[in-house]
Amino acid sequence: MRHSLDVLGPDGVQRRVVLLEGEKLSQITGRSCEDRRCGYCVFEVLEGSPVSALKPDERLALERDESGLCRPGRRLACHASVAGPGRVRVPFAWSLAEVHE
């Protein structure tokens, strides 16, 4: 199943992407992950329930974050997968990928 996500970038521009259910959200941040714990692919859920539930490995990565980017309410795109439609925010300019509509 396909789901639409509205991605609000740090520039205030909102883009719509369509992703398959279960697909990782890494492409909305443009960060390819090597260790799945750096914290640079953070995003925030603004509306809906567009992502999978927080799993133990993501929780541990958030707790061990050394970047200072993983504040409460933020998720890691390298761990989270698409679960439904919604609206998310990518808070940093360097983490917003070229998002195709």
# chains A, B, ... in the order shown; residues from 1 in each chain; ligands from 1

call {"tool": "residues_around", "arguments": {"residues": "A:Arg75", "least_positions_apart": "4", "cutoff": "10 Å", "atoms": "only C-alpha atoms", "output": "ChimeraX atom specification"}}
result
/A:39,41-45,51,54,58-59,61-62,70-71,79-80

call {"tool": "closest_residue", "arguments": {"among": "A:Pro50, A:Gly9, A:Pro56, A:Pro91", "to": "A:Glu21", "atoms": "only C-alpha atoms"}}
result
A:Pro50

call {"tool": "select_by_dssp", "arguments": {"residues": "stretch 13-84 of chain A", "states": "strand (DSSP E)", "output": "count of residues only"}}
result
17

call {"tool": "closest_residue", "arguments": {"among": "A:Val90, A:Cys78, A:Ala83, A:Leu5", "to": "A:Glu47", "atoms": "only C-alpha atoms"}}
result
A:Leu5

call {"tool": "atom_distance", "arguments": {"atom1": "atom CA of A:Gly12", "atom2": "atom CA of A:Ser52"}}
result
25.0 Å

call {"tool": "atom_distance", "arguments": {"atom1": "atom CA of A:His3", "atom2": "atom CA of A:Ser26"}}
result
15.3 Å

call {"tool": "closest_residue", "arguments": {"among": "A:Leu76, A:Met1, A:Leu46, A:Val7", "to": "A:Leu19", "atoms": "only C-alpha atoms"}}
result
A:Met1

call {"tool": "closest_residue", "arguments": {"among": "A:Ala77, A:Arg64, A:Leu69, A:Phe92", "to": "A:Leu25", "atoms": "only C-alpha atoms"}}
result
A:Ala77

call {"tool": "residues_around", "arguments": {"residues": "A:Asp6", "least_positions_apart": "3", "cutoff": "6 Å", "atoms": "only C-alpha atoms", "output": "ChimeraX atom specification"}}
result
/A:15-16,87

call {"tool": "write_last_selection", "arguments": {"atoms": "C-alpha atoms", "output": "compact mmCIF listing (two decimals), in the first residue's frame"}}
result
# COMPACT_ATOMS: atom_id res chain seq x y z
CA ARG A 15 6.64 18.67 -0.27
CA ARG A 16 4.49 15.61 -0.79
CA ARG A 87 2.86 15.12 8.03
